[in-house]
file start.cif (mmCIF, C-alpha atoms)
data_start
loop_
_atom_site.label_atom_id
_atom_site.label_comp_id
_atom_site.auth_asym_id
_atom_site.auth_seq_id
_atom_site.Cartn_x
_atom_site.Cartn_y
_atom_site.Cartn_z
CA MET A 1 132.50 117.05 80.84
CA ASN A 2 131.87 120.37 79.21
CA CYS A 3 131.45 122.76 82.11
CA GLU A 4 134.57 124.87 82.36
CA LEU A 5 134.65 124.69 86.16
CA SER A 6 134.75 120.88 86.19
CA GLY A 7 138.26 121.02 84.70
CA ASN A 8 139.61 123.42 87.25
CA THR A 9 137.75 124.89 90.23
CA LEU A 10 136.18 121.52 91.00
CA HIS A 11 139.60 120.10 91.81
CA GLY A 12 140.48 122.96 94.11
CA TYR A 13 137.17 122.29 95.84
CA LEU A 14 137.86 118.55 96.09
CA ASP A 15 141.34 119.25 97.50
CA GLY A 16 140.18 121.82 100.04
CA GLU A 17 142.31 124.48 98.36
CA LEU A 18 139.58 127.05 97.73
CA ASP A 19 138.93 129.78 100.25
CA ALA A 20 135.54 129.72 101.97
CA VAL A 21 133.95 132.24 99.60
CA ARG A 22 135.02 130.46 96.42
CA ALA A 23 134.04 127.08 97.87
CA ALA A 24 130.54 128.37 98.69
CA GLU A 25 130.24 129.87 95.20
CA PHE A 26 131.23 126.59 93.65
CA GLU A 27 128.74 124.62 95.75
CA GLN A 28 126.05 126.98 94.59
CA HIS A 29 127.09 126.50 90.97
CA MET A 30 127.27 122.73 91.34
CA ALA A 31 123.73 122.50 92.69
CA GLY A 32 122.56 123.43 89.19
CA CYS A 33 125.30 121.85 87.05
CA GLY A 34 124.96 118.20 86.02
CA ASP A 35 128.46 118.17 84.48
CA CYS A 36 130.09 119.18 87.73
CA GLN A 37 128.04 116.76 89.83
CA ARG A 38 129.01 113.88 87.56
CA SER A 39 132.62 114.96 87.49
CA LEU A 40 132.80 115.33 91.27
CA SER A 41 131.41 111.84 91.68
CA ILE A 42 134.05 110.42 89.29
CA MET A 43 136.91 112.32 90.91
CA SER A 44 135.77 111.37 94.42
CA SER A 45 135.71 107.66 93.59
CA LEU A 46 139.15 107.96 92.00
CA ARG A 47 140.43 109.60 95.16
CA GLU A 48 138.78 107.06 97.42
CA GLY A 49 140.25 104.23 95.35
CA LEU A 50 143.74 105.74 95.56
CA HIS A 51 143.43 106.13 99.32
CA GLN A 52 142.07 102.64 99.93
CA ALA A 53 144.45 100.78 97.63
CA ASP A 54 147.49 100.99 99.90
CA LEU A 55 149.82 102.14 97.13
CA TYR A 56 152.27 103.95 99.41
CA GLN A 57 155.72 102.45 99.57
CA GLY A 58 157.95 103.70 102.35
CA ALA A 59 161.62 103.03 103.06
CA PRO A 60 162.55 99.50 104.13
CA SER A 61 164.78 99.29 107.22
CA ARG A 62 167.81 98.13 105.20
CA LEU A 63 167.67 101.41 103.27
CA ARG A 64 167.48 103.38 106.52
CA SER A 65 170.65 101.75 107.77
CA ARG A 66 172.39 102.36 104.43
CA ILE A 67 171.48 106.03 104.75
CA ALA A 68 172.69 106.14 108.35
CA ASP A 69 176.05 104.73 107.17
CA ASP A 70 176.24 107.36 104.43
CA LEU A 71 175.67 110.18 106.89
CA GLY A 72 178.20 108.76 109.32
CA SER A 73 180.92 108.70 106.67
CA GLN A 74 180.17 112.31 105.74
CA THR A 75 180.56 113.83 109.18
CA ARG A 76 183.66 115.06 110.87
CA SER A 77 183.09 113.06 114.03
CA SER A 78 184.11 109.88 112.24
CA THR A 79 187.57 111.09 111.18
CA ALA A 80 190.65 109.66 112.87
CA LYS A 81 191.04 112.48 115.36
CA TRP A 82 187.70 111.64 116.96
CA LYS A 83 187.86 107.91 116.69
CA TRP A 84 188.78 107.39 120.31
CA LEU A 85 185.54 109.00 121.37
CA LEU A 86 182.60 106.71 121.72
CA ILE A 87 180.00 107.74 119.20
CA PRO A 88 177.09 107.35 121.63
CA ALA A 89 178.80 109.68 124.07
CA VAL A 90 179.28 112.31 121.37
CA SER A 91 175.69 112.00 120.26
CA LEU A 92 174.39 112.26 123.81
CA ALA A 93 176.52 115.31 124.51
CA LEU A 94 175.35 116.97 121.32
CA VAL A 95 171.73 116.20 122.07
CA LEU A 96 172.16 117.80 125.49
CA ILE A 97 173.86 120.84 124.00
CA THR A 98 171.18 121.17 121.33
CA LEU A 99 168.51 120.97 124.01
CA ARG A 100 170.23 123.65 126.06
CA VAL A 101 170.68 125.91 123.05
CA GLY A 102 167.10 125.16 122.08
CA ASN A 103 165.95 126.16 125.56
CA VAL A 104 167.85 129.40 125.41
CA LEU A 105 166.53 130.16 121.94
CA THR A 106 162.93 129.54 122.90
CA HIS A 107 163.21 132.42 125.38
CA TYR A 108 163.73 134.73 122.47
CA ARG A 109 160.81 133.41 120.49
CA THR A 110 157.46 135.12 120.79
CA ASP A 111 154.76 133.25 122.70
CA SER A 112 152.87 132.14 119.59
CA ASN A 113 156.05 130.95 117.92
CA ARG A 114 156.99 129.07 121.04
CA LEU A 115 153.68 127.24 121.21
CA GLN A 116 153.88 126.46 117.48
CA ALA A 117 157.40 125.17 117.89
CA GLU A 118 156.44 123.11 120.95
CA LEU A 119 153.50 121.56 119.11
CA ILE A 120 155.62 120.62 116.09
CA ASP A 121 158.43 119.33 118.35
CA ALA A 122 155.94 117.23 120.30
CA HIS A 123 154.60 115.84 117.03
CA VAL A 124 158.09 114.99 115.72
CA ARG A 125 159.01 113.42 119.08
CA SER A 126 155.90 111.27 118.98
CA LEU A 127 157.09 109.77 115.69
CA GLN A 128 160.16 108.22 117.32
CA PRO A 129 159.74 104.47 117.78
CA GLY A 130 157.62 103.70 120.84
CA HIS A 131 156.63 107.31 121.55
CA LEU A 132 153.38 107.61 119.63
CA THR A 133 150.93 106.20 122.16
CA ASP A 134 150.80 105.33 125.86
CA VAL A 135 147.51 103.54 125.38
CA GLN A 136 147.12 101.83 122.05
CA SER A 137 143.57 101.03 121.09
CA THR A 138 141.13 101.71 118.32
CA ASP A 139 138.32 101.52 120.87
CA GLN A 140 137.20 104.89 122.20
CA HIS A 141 135.83 103.13 125.31
CA THR A 142 139.34 101.96 126.15
CA VAL A 143 141.13 105.21 125.37
CA LYS A 144 138.79 107.58 127.19
CA PRO A 145 138.89 105.89 130.64
CA TRP A 146 142.67 105.66 130.34
CA PHE A 147 142.90 109.45 130.74
CA ASP A 148 140.76 109.29 133.87
CA GLY A 149 142.78 110.30 136.93
CA LYS A 150 145.81 111.31 134.85
CA LEU A 151 144.49 114.77 133.98
CA ASP A 152 142.15 117.29 135.59
CA PHE A 153 139.95 117.20 132.50
CA ILE A 154 138.62 114.48 130.21
CA PRO A 155 139.19 114.94 126.48
CA PRO A 156 136.42 113.98 124.06
CA VAL A 157 137.42 110.68 122.40
CA GLU A 158 135.84 109.40 119.21
CA ASP A 159 136.89 106.97 116.50
CA PHE A 160 136.49 108.03 112.84
CA SER A 161 137.61 104.83 111.09
CA ARG A 162 134.67 104.84 108.74
CA GLN A 163 135.52 108.35 107.59
CA GLY A 164 139.16 107.41 106.96
CA PHE A 165 140.67 108.63 110.25
CA PRO A 166 141.03 105.55 112.50
CA LEU A 167 141.73 106.23 116.18
CA VAL A 168 145.12 104.72 117.03
CA GLY A 169 145.41 105.55 120.72
CA GLY A 170 146.29 108.28 123.18
CA ARG A 171 149.10 109.58 125.34
CA LEU A 172 150.04 112.32 127.75
CA ASP A 173 152.34 115.08 126.56
CA VAL A 174 153.63 118.37 127.92
CA LEU A 175 153.05 121.79 126.34
CA GLU A 176 154.25 125.00 127.95
CA GLY A 177 154.97 123.10 131.11
CA ARG A 178 151.56 121.56 131.62
CA ASN A 179 150.09 118.14 130.91
CA VAL A 180 147.89 117.84 127.87
CA ALA A 181 145.92 114.97 126.36
CA VAL A 182 146.90 113.73 122.92
CA LEU A 183 144.76 111.55 120.70
CA VAL A 184 146.42 109.89 117.73
CA TYR A 185 144.61 109.30 114.46
CA GLY A 186 145.86 107.51 111.36
CA ARG A 187 145.51 108.85 107.85
CA ARG A 188 146.77 106.43 105.20
CA LYS A 189 150.41 105.89 106.26
CA HIS A 190 150.58 109.10 108.26
CA TRP A 191 149.86 110.02 111.87
CA ILE A 192 147.85 112.95 113.13
CA ASN A 193 148.24 114.20 116.71
CA LEU A 194 145.24 115.93 118.30
CA PHE A 195 146.36 117.97 121.32
CA VAL A 196 143.58 118.84 123.78
CA TRP A 197 143.91 121.09 126.85
CA PRO A 198 141.76 123.48 128.87
CA GLU A 199 142.51 127.16 128.32
CA VAL A 200 140.42 130.04 129.58
CA THR A 201 142.02 132.63 127.31
CA PRO A 202 142.73 131.43 123.77
CA PRO A 203 146.53 131.32 123.24
CA ALA A 204 148.21 133.66 120.79
CA ILE A 205 148.67 131.17 117.98
CA SER A 206 147.36 131.60 114.46
CA SER A 207 144.52 129.23 113.62
CA GLU A 208 146.53 127.34 111.03
CA GLY A 209 149.88 127.24 109.34
CA SER A 210 152.81 125.11 108.45
CA ARG A 211 156.38 124.75 109.58
CA GLN A 212 159.15 122.32 108.66
CA GLY A 213 156.73 120.44 106.41
CA TYR A 214 154.13 119.93 109.12
CA ASN A 215 150.70 121.55 109.16
CA TRP A 216 148.78 122.59 112.22
CA LEU A 217 145.16 123.58 112.73
CA ASN A 218 144.11 125.16 115.95
CA TRP A 219 140.68 126.05 117.40
CA HIS A 220 138.81 126.23 120.67
CA GLU A 221 135.39 125.22 121.86
CA GLY A 222 134.32 126.89 125.07
CA GLU A 223 137.32 126.63 127.33
CA THR A 224 138.89 123.69 125.57
CA GLN A 225 141.73 124.19 123.14
CA PHE A 226 142.27 121.78 120.22
CA CYS A 227 145.24 121.55 117.89
CA LEU A 228 145.82 119.07 115.06
CA VAL A 229 149.41 118.55 113.89
CA SER A 230 150.54 116.32 111.05
CA ASP A 231 152.36 116.07 107.76
CA VAL A 232 149.06 115.31 105.99
CA SER A 233 147.58 118.16 103.91
CA SER A 234 145.69 120.98 105.55
CA GLY A 235 142.64 119.77 103.60
CA ASP A 236 142.80 116.48 105.50
CA LEU A 237 143.17 118.35 108.80
CA HIS A 238 140.08 120.42 108.01
CA GLU A 239 138.17 117.23 107.22
CA LEU A 240 139.10 115.73 110.59
CA GLN A 241 138.29 119.01 112.34
CA GLN A 242 134.77 118.90 110.87
CA LEU A 243 134.32 115.35 112.23
CA ILE A 244 135.55 116.31 115.70
CA ARG A 245 133.32 119.36 115.92
CA HIS A 246 130.16 117.44 115.04
CA MET B 247 182.66 117.70 105.56
CA LEU B 248 179.69 118.56 107.69
CA LEU B 249 179.68 118.91 111.43
CA ALA B 250 178.07 116.41 113.73
CA SER B 251 175.63 119.14 114.79
CA ASP B 252 174.50 119.47 111.16
CA LYS B 253 173.94 115.77 111.14
CA ILE B 254 171.65 115.94 114.15
CA ARG B 255 169.67 118.77 112.63
CA PHE B 256 169.44 116.83 109.40
CA GLU B 257 168.26 113.74 111.25
CA GLN B 258 165.56 115.73 113.00
CA LEU B 259 164.32 117.78 110.04
CA VAL B 260 164.90 115.69 106.96
CA LEU B 261 165.16 112.01 107.85
CA PRO B 262 161.50 111.76 108.99
CA HIS B 263 160.68 112.27 105.29
CA VAL B 264 162.70 109.35 103.91
CA ASP B 265 159.49 107.37 103.43
CA ALA B 266 158.15 110.17 101.27
CA ALA B 267 161.41 110.18 99.28
CA VAL B 268 161.24 106.45 98.56
CA ASN B 269 157.55 106.56 97.70
CA LEU B 270 158.01 109.39 95.19
CA ALA B 271 161.03 107.69 93.58
CA ARG B 272 159.16 104.40 93.37
CA TRP B 273 156.30 105.99 91.45
CA LEU B 274 158.49 108.10 89.20
CA LEU B 275 160.80 105.21 88.24
CA ARG B 276 158.18 102.43 88.54
CA ASN B 277 160.73 100.08 90.02
CA PRO B 278 161.32 99.56 93.77
CA ASP B 279 165.02 98.63 93.52
CA ASP B 280 166.03 101.59 91.36
CA ALA B 281 163.85 103.79 93.55
CA GLU B 282 165.76 102.79 96.68
CA ASP B 283 169.12 103.49 95.02
CA VAL B 284 168.05 106.86 93.68
CA ALA B 285 166.40 107.85 96.98
CA GLN B 286 169.52 106.90 98.92
CA GLU B 287 171.67 108.98 96.61
CA ALA B 288 169.22 111.89 96.81
CA VAL B 289 169.25 111.86 100.62
CA LEU B 290 173.03 111.94 100.57
CA ARG B 291 172.95 114.86 98.13
CA ALA B 292 170.44 116.60 100.37
CA PHE B 293 172.84 116.12 103.27
CA ARG B 294 175.71 117.67 101.31
CA PHE B 295 173.53 120.63 100.32
CA PHE B 296 172.04 120.92 103.77
CA GLY B 297 173.96 124.12 104.39
CA GLY B 298 171.85 125.71 101.66
CA PHE B 299 168.56 124.75 103.32
CA ARG B 300 167.04 127.98 104.57
CA GLY B 301 164.45 126.40 106.82
CA GLY B 302 160.81 126.05 105.86
CA ASP B 303 159.26 122.93 104.42
CA ALA B 304 161.86 120.17 104.79
CA ARG B 305 159.69 117.54 103.13
CA ALA B 306 159.14 119.66 100.00
CA TRP B 307 162.86 120.49 99.96
CA LEU B 308 163.87 116.83 100.09
CA LEU B 309 161.23 115.76 97.57
CA GLN B 310 162.44 118.40 95.14
CA ILE B 311 165.93 116.89 95.26
CA VAL B 312 164.50 113.37 94.89
CA ARG B 313 162.45 114.45 91.88
CA ASN B 314 165.46 116.04 90.20
CA SER B 315 167.52 112.89 90.78
CA CYS B 316 164.74 110.75 89.32
CA TYR B 317 164.43 112.93 86.24
CA THR B 318 168.18 112.78 85.68
CA TRP B 319 168.00 108.99 86.01
CA LEU B 320 165.13 108.79 83.52
CA GLU B 321 166.90 111.12 81.08
CA LYS B 322 169.89 108.76 81.01
CA ARG B 323 168.08 105.44 80.88
CA MET B 324 164.55 105.98 79.64
CA PRO B 325 164.50 109.31 77.82
CA SER B 326 161.26 108.39 76.06
CA GLU B 327 159.52 108.60 79.46
CA LEU B 328 160.07 112.33 79.56
CA ILE B 329 158.99 113.08 76.01
CA THR B 330 155.37 112.07 76.47
CA GLU B 331 153.33 115.15 77.25
CA PHE B 332 149.94 114.28 78.52
CA ASN B 333 148.17 117.52 77.73
CA GLU B 334 147.48 116.81 74.07
CA GLU B 335 146.35 113.29 74.59
CA LEU B 336 143.04 114.11 76.18
CA HIS B 337 139.94 113.10 74.31
CA PRO B 338 137.40 115.53 75.66
CA GLY B 339 134.52 113.92 73.81
CA MET B 340 134.99 110.53 75.46
CA SER B 341 132.19 109.93 77.92
CA ILE B 342 133.10 108.48 81.28
CA ASN B 343 130.59 106.67 83.41
CA PRO B 344 130.77 107.41 87.17
CA GLU B 345 129.66 103.87 88.09
CA THR B 346 132.37 102.32 85.89
CA ILE B 347 135.03 104.46 87.55
CA ALA B 348 133.78 103.63 91.04
CA LEU B 349 134.00 99.93 90.19
CA GLN B 350 137.42 100.08 88.47
CA ALA B 351 138.95 102.31 91.16
CA SER B 352 138.03 99.87 93.92
CA ASP B 353 140.22 97.20 92.26
CA ARG B 354 143.78 97.69 93.52
CA THR B 355 145.52 95.97 90.61
CA LYS B 356 143.61 97.91 87.98
CA LEU B 357 144.25 101.17 89.76
CA LEU B 358 147.95 100.41 90.17
CA ASN B 359 148.31 99.55 86.48
CA ALA B 360 146.40 102.66 85.45
CA LEU B 361 148.56 104.89 87.65
CA GLU B 362 151.73 103.32 86.28
CA SER B 363 150.63 103.83 82.71
CA LEU B 364 150.09 107.56 83.21
CA PRO B 365 152.76 109.85 81.72
CA VAL B 366 155.28 110.72 84.40
CA ARG B 367 154.23 114.38 84.70
CA ALA B 368 150.65 113.36 85.35
CA ARG B 369 151.67 110.51 87.67
CA GLU B 370 153.82 112.71 89.88
CA VAL B 371 151.10 115.24 90.73
CA ILE B 372 148.64 112.47 91.61
CA VAL B 373 151.20 110.68 93.78
CA LEU B 374 152.16 113.91 95.56
CA ARG B 375 148.55 114.89 96.15
CA GLU B 376 146.77 111.59 96.89
CA LEU B 377 149.52 109.39 98.31
CA GLU B 378 151.72 111.98 99.95
CA GLY B 379 148.96 114.45 100.88
CA CYS B 380 150.89 117.50 99.62
CA SER B 381 149.22 120.89 99.41
CA TYR B 382 149.20 122.77 96.10
CA LYS B 383 151.97 124.98 97.43
CA GLU B 384 154.12 121.96 98.22
CA ILE B 385 153.37 120.37 94.83
CA SER B 386 154.50 123.60 93.21
CA GLU B 387 157.70 123.64 95.27
CA VAL B 388 158.55 120.02 94.49
CA THR B 389 157.75 120.00 90.78
CA GLY B 390 158.41 123.61 89.80
CA ILE B 391 154.89 123.83 88.30
CA PRO B 392 153.74 127.43 88.89
CA MET B 393 151.36 127.69 91.85
CA GLY B 394 148.57 128.97 89.58
CA THR B 395 148.59 125.89 87.33
CA VAL B 396 148.80 123.11 89.91
CA MET B 397 145.00 122.88 89.99
CA SER B 398 144.62 122.49 86.22
CA THR B 399 147.56 120.06 86.02
CA LEU B 400 145.92 117.87 88.66
CA SER B 401 142.63 118.17 86.85
CA ARG B 402 144.13 116.89 83.57
CA ALA B 403 146.03 114.13 85.34
CA ARG B 404 142.90 112.84 87.10
CA GLU B 405 140.89 113.10 83.91
CA LYS B 406 143.53 111.02 82.13
CA LEU B 407 143.51 108.42 84.91
CA ALA B 408 139.72 108.19 84.67
CA GLN B 409 140.03 107.70 80.90
CA ILE B 410 142.54 104.88 81.29
CA LEU B 411 140.28 103.08 83.77
CA SER B 412 137.28 103.68 81.57
CA GLY B 413 139.18 102.39 78.52
CA SER B 414 140.29 99.20 80.24
CA ALA B 415 136.69 98.57 81.38
CA ARG B 416 135.57 98.90 77.78
CA LYS B 417 138.23 96.46 76.61
CA GLU B 418 137.15 93.91 79.20
CA ALA B 419 133.56 94.24 78.11
CA SER B 420 134.42 93.65 74.44
CA ASN B 421 136.57 90.63 75.33
CA GLU B 422 133.66 89.09 77.14
CA LEU B 423 131.42 89.32 74.11
#

call {"tool": "encode", "arguments": {"input": "start.cif", "output": "structure tokens"}}
result
Amino acid sequence: MNCELSGNTLHGYLDGELDAVRAAEFEQHMAGCGDCQRSLSIMSSLREGLHQADLYQGAPSRLRSRIADDLGSQTRSSTAKWKWLLIPAVSLALVLITLRVGNVLTHYRTDSNRLQAELIDAHVRSLQPGHLTDVQSTDQHTVKPWFDGKLDFIPPVEDFSRQGFPLVGGRLDVLEGRNVAVLVYGRRKHWINLFVWPEVTPPAISSEGSRQGYNWLNWHEGETQFCLVSDVSSGDLHELQQLIRH
Amino acid sequence: MLLASDKIRFEQLVLPHVDAAVNLARWLLRNPDDAEDVAQEAVLRAFRFFGGFRGGDARAWLLQIVRNSCYTWLEKRMPSELITEFNEELHPGMSINPETIALQASDRTKLLNALESLPVRAREVIVLRELEGCSYKEISEVTGIPMGTVMSTLSRAREKLAQILSGSARKEASNEL
């Protein structure tokens, strides 16, 4: 590999980290550069191998409970003074208070921030056990009819297993007080939520960004609004967006 | 002592990334048991420092703490791990065949061994990028590599991984003769 770009720009291209202009320039260069074509083919098979090989090792449940114990012993609620209180009651009360405070705070957020925050919150909520899908199926012909009669619109449903984004299922969720359709896709060990809702005027939310370690990507087609939210990279989100738009 | 409200915020923002913490520790230390211990300790440290978390990317914040804990662990027990720099070891003249790499990379065991035999500073960027799906900005936050050199660091790490796979293919071929 002797071409200078193959040791640098090519990787930004592969990772979706170049802006549109630089990506187009690189594609143009690559069309006439054997080194870069060869190198891209090598790097793509490496990447594909790494994604297929199931090398990710998450936390076993015993570690999660060890961590929960650690946190419990570090908080004030477990000291003698509070012992008479039932922990579930405290937690419930605090959750309620947090929700109330959260509600009050959201009034002070701008509209775009509020929608962003709601999307990320909905994504985080969906990751709680049992909340990800209402209908669990990798078959688009099962998921699509499930929405029928539950919403006043039908979201487009397609499986992209072969491209590395298997359809996992769908559910209903609420954004800004209205029902929206959510399709769930897998990406390696991660989940991607695709929110779909009809919107005549595009909402005031920037087309992409990240918050609390989650990325979102937002666009509209005609009067339908789409938003992808996940902890996968924005490159992966763009890849899925391309598939959905085709 | 932290307040119970801190704990709830921590549970919402940081605990969803415990999988990422364990995965990174497992690949930095190359041992699942040690990885769990170090990740547990790192999460507890993160909780103690949670007051200093200014918002933003909670995953990158946690992974940065996990990485520091892993490096401290390696310094104490396997200091040689941290000495190996991978930059100088490249053999730019070595030719790599795309078909060989495609074949080797589709074999899980070979790929796992190759990834484990990478120097730790090369291994971590590949794990963060390909297994964890981190952006360059996040990789820079976690590892402290300047934003402008993440791309070239990844490039050298992938090149090195391709060379290891290519080398092991060559060895197999000569054994068969």

call {"tool": "residues_around", "arguments": {"input": "start.cif", "residues": "Leu259 in chain B", "least_positions_apart": "3", "cutoff": "12 Å", "atoms": "all atoms listed in the file", "output": "VMD selection string"}}
result
(chain A and resid 120 to 121 124 to 125 211 to 214) or (chain B and resid 252 to 256 262 to 264 292 to 293 296 299 to 308)

call {"tool": "write_last_selection", "arguments": {"input": "start.cif", "atoms": "C-alpha atoms", "output": "PDB file, in the frame of the given file"}}
result
ATOM      1  CA  ILE A 120     155.620 120.620 116.090  1.00  0.00           C
ATOM      2  CA  ASP A 121     158.430 119.330 118.350  1.00  0.00           C
ATOM      3  CA  VAL A 124     158.090 114.990 115.720  1.00  0.00           C
ATOM      4  CA  ARG A 125     159.010 113.420 119.080  1.00  0.00           C
ATOM      5  CA  ARG A 211     156.380 124.750 109.580  1.00  0.00           C
ATOM      6  CA  GLN A 212     159.150 122.320 108.660  1.00  0.00           C
ATOM      7  CA  GLY A 213     156.730 120.440 106.410  1.00  0.00           C
ATOM      8  CA  TYR A 214     154.130 119.930 109.120  1.00  0.00           C
TER       9      TYR A 214
ATOM     10  CA  ASP B 252     174.500 119.470 111.160  1.00  0.00           C
ATOM     11  CA  LYS B 253     173.940 115.770 111.140  1.00  0.00           C
ATOM     12  CA  ILE B 254     171.650 115.940 114.150  1.00  0.00           C
ATOM     13  CA  ARG B 255     169.670 118.770 112.630  1.00  0.00           C
ATOM     14  CA  PHE B 256     169.440 116.830 109.400  1.00  0.00           C
ATOM     15  CA  PRO B 262     161.500 111.760 108.990  1.00  0.00           C
ATOM     16  CA  HIS B 263     160.680 112.270 105.290  1.00  0.00           C
ATOM     17  CA  VAL B 264     162.700 109.350 103.910  1.00  0.00           C
ATOM     18  CA  ALA B 292     170.440 116.600 100.370  1.00  0.00           C
ATOM     19  CA  PHE B 293     172.840 116.120 103.270  1.00  0.00           C
ATOM     20  CA  PHE B 296     172.040 120.920 103.770  1.00  0.00           C
ATOM     21  CA  PHE B 299     168.560 124.750 103.320  1.00  0.00           C
ATOM     22  CA  ARG B 300     167.040 127.980 104.570  1.00  0.00           C
ATOM     23  CA  GLY B 301     164.450 126.400 106.820  1.00  0.00           C
ATOM     24  CA  GLY B 302     160.810 126.050 105.860  1.00  0.00           C
ATOM     25  CA  ASP B 303     159.260 122.930 104.420  1.00  0.00           C
ATOM     26  CA  ALA B 304     161.860 120.170 104.790  1.00  0.00           C
ATOM     27  CA  ARG B 305     159.690 117.540 103.130  1.00  0.00           C
ATOM     28  CA  ALA B 306     159.140 119.660 100.000  1.00  0.00           C
ATOM     29  CA  TRP B 307     162.860 120.490  99.960  1.00  0.00           C
ATOM     30  CA  LEU B 308     163.870 116.830 100.090  1.00  0.00           C
TER      31      LEU B 308
END

call {"tool": "atom_distance", "arguments": {"input": "start.cif", "atom1": "CA of Met397 in chain B", "atom2": "CA of Ala348 in chain B"}}
result
22.3 Å

call {"tool": "resolve_selection", "arguments": {"input": "start.cif", "expression": "the PyMOL selection byres ((chain A and resi 166) around 9)", "output": "number ranges by chain"}}
result
A: 138, 159-165, 167-168, 184-187

call {"tool": "closest_residue", "arguments": {"input": "start.cif", "among": "A:Ile154, A:Cys227, A:Ala89, A:Ile67", "to": "chain B", "atoms": "only C-alpha atoms"}}
result
A:Ile67

call {"tool": "atom_distance", "arguments": {"input": "start.cif", "atom1": "CA of Arg171 in chain A", "atom2": "CA of Thr133 in chain A"}}
result
5.0 Å

call {"tool": "closest_atom_pairs", "arguments": {"input": "start.cif", "of": "chain B", "to": "chain A", "cutoff": "6 Å", "atoms": "only C-alpha atoms", "output": "Markdown table"}}
result
| residue | atom | partner | partner_atom | distance |
| --- | --- | --- | --- | --- |
| B:Met247 | CA | A:Thr75 | CA | 5.7 |
| B:Leu248 | CA | A:Thr75 | CA | 5.0 |
| B:Leu249 | CA | A:Arg76 | CA | 5.6 |
| B:Ala250 | CA | A:Thr75 | CA | 5.8 |
| B:Asp265 | CA | A:Gly58 | CA | 4.1 |
| B:Val268 | CA | A:Ala59 | CA | 5.7 |
| B:Asn269 | CA | A:Gln57 | CA | 4.9 |
| B:Gly302 | CA | A:Gln212 | CA | 5.0 |
| B:Asp303 | CA | A:Gly213 | CA | 4.1 |
| B:Ala304 | CA | A:Gln212 | CA | 5.2 |
| B:Arg305 | CA | A:Gly213 | CA | 5.3 |
| B:Pro344 | CA | A:Ile42 | CA | 4.9 |
| B:Ala348 | CA | A:Ser45 | CA | 5.1 |
| B:Ala351 | CA | A:Gly49 | CA | 4.8 |
| B:Ser352 | CA | A:Gly49 | CA | 5.1 |
| B:Arg354 | CA | A:Ala53 | CA | 5.2 |
| B:Gly379 | CA | A:Ser233 | CA | 5.0 |
| B:Cys380 | CA | A:Ser233 | CA | 5.5 |
| B:Ser381 | CA | A:Ser233 | CA | 5.5 |
| B:Ser398 | CA | A:Asn8 | CA | 5.2 |
| B:Ser401 | CA | A:Gly7 | CA | 5.6 |

call {"tool": "residues_around", "arguments": {"input": "start.cif", "residues": "Glu370 in chain B", "least_positions_apart": "2", "cutoff": "9 Å", "atoms": "only C-alpha atoms", "output": "list in words"}}
result
Leu270, Trp273, Leu274, Pro365, Val366, Arg367, Ala368, Ile372, Val373, Leu374, Arg375 and Thr389 of chain B

call {"tool": "closest_residue", "arguments": {"input": "start.cif", "among": "A:Leu183, A:Val157, A:Leu151, A:Ile87", "to": "Gly169 in chain A", "atoms": "all atoms listed in the file"}}
result
A:Leu183

call {"tool": "closest_residue", "arguments": {"input": "start.cif", "among": "B:Glu287, B:Ala408, B:Arg369, B:Leu400", "to": "Glu345 in chain B", "atoms": "only C-alpha atoms"}}
result
B:Ala408

call {"tool": "closest_residue", "arguments": {"input": "start.cif", "among": "A:Gln116, A:Val182, A:Trp191, A:Val174", "to": "Val135 in chain A", "atoms": "all atoms listed in the file"}}
result
A:Val182

call {"tool": "atom_distance", "arguments": {"input": "start.cif", "atom1": "CA of Glu4 in chain A", "atom2": "CA of Ile410 in chain B"}}
result
21.5 Å

call {"tool": "resolve_selection", "arguments": {"input": "start.cif", "expression": "the PyMOL selection byres ((chain A and resi 216-219) around 6)", "output": "PDB file with C-alpha atoms, in the frame of the given file"}}
result
ATOM      1  CA  SER A 207     144.520 129.230 113.620  1.00  0.00           C
ATOM      2  CA  GLU A 208     146.530 127.340 111.030  1.00  0.00           C
ATOM      3  CA  GLY A 209     149.880 127.240 109.340  1.00  0.00           C
ATOM      4  CA  ASN A 215     150.700 121.550 109.160  1.00  0.00           C
ATOM      5  CA  HIS A 220     138.810 126.230 120.670  1.00  0.00           C
ATOM      6  CA  PHE A 226     142.270 121.780 120.220  1.00  0.00           C
ATOM      7  CA  CYS A 227     145.240 121.550 117.890  1.00  0.00           C
ATOM      8  CA  LEU A 228     145.820 119.070 115.060  1.00  0.00           C
ATOM      9  CA  VAL A 229     149.410 118.550 113.890  1.00  0.00           C
TER      10      VAL A 229
END

call {"tool": "axis_aligned_box", "arguments": {"input": "start.cif", "around": "range 247-262 of chain B", "padding_each_side": "5 Å", "output": "JSON"}}
result
{"center_x": 172.1, "center_y": 115.6, "center_z": 110.2, "size_x": 31.2, "size_y": 17.7, "size_z": 19.2}

call {"tool": "closest_residue", "arguments": {"input": "start.cif", "among": "A:Gln225, A:Ser230, A:Gln241, A:Gln37", "to": "Ile192 in chain A", "atoms": "all atoms listed in the file"}}
result
A:Ser230

call {"tool": "residues_around", "arguments": {"input": "start.cif", "residues": "Gln350 in chain B", "least_positions_apart": "6", "cutoff": "9 Å", "atoms": "all atoms listed in the file", "output": "list in words"}}
result
Leu46 and Gly49 of chain A; Lys356, Leu357, Leu411, Ser412, Ser414 and Ala415 of chain B
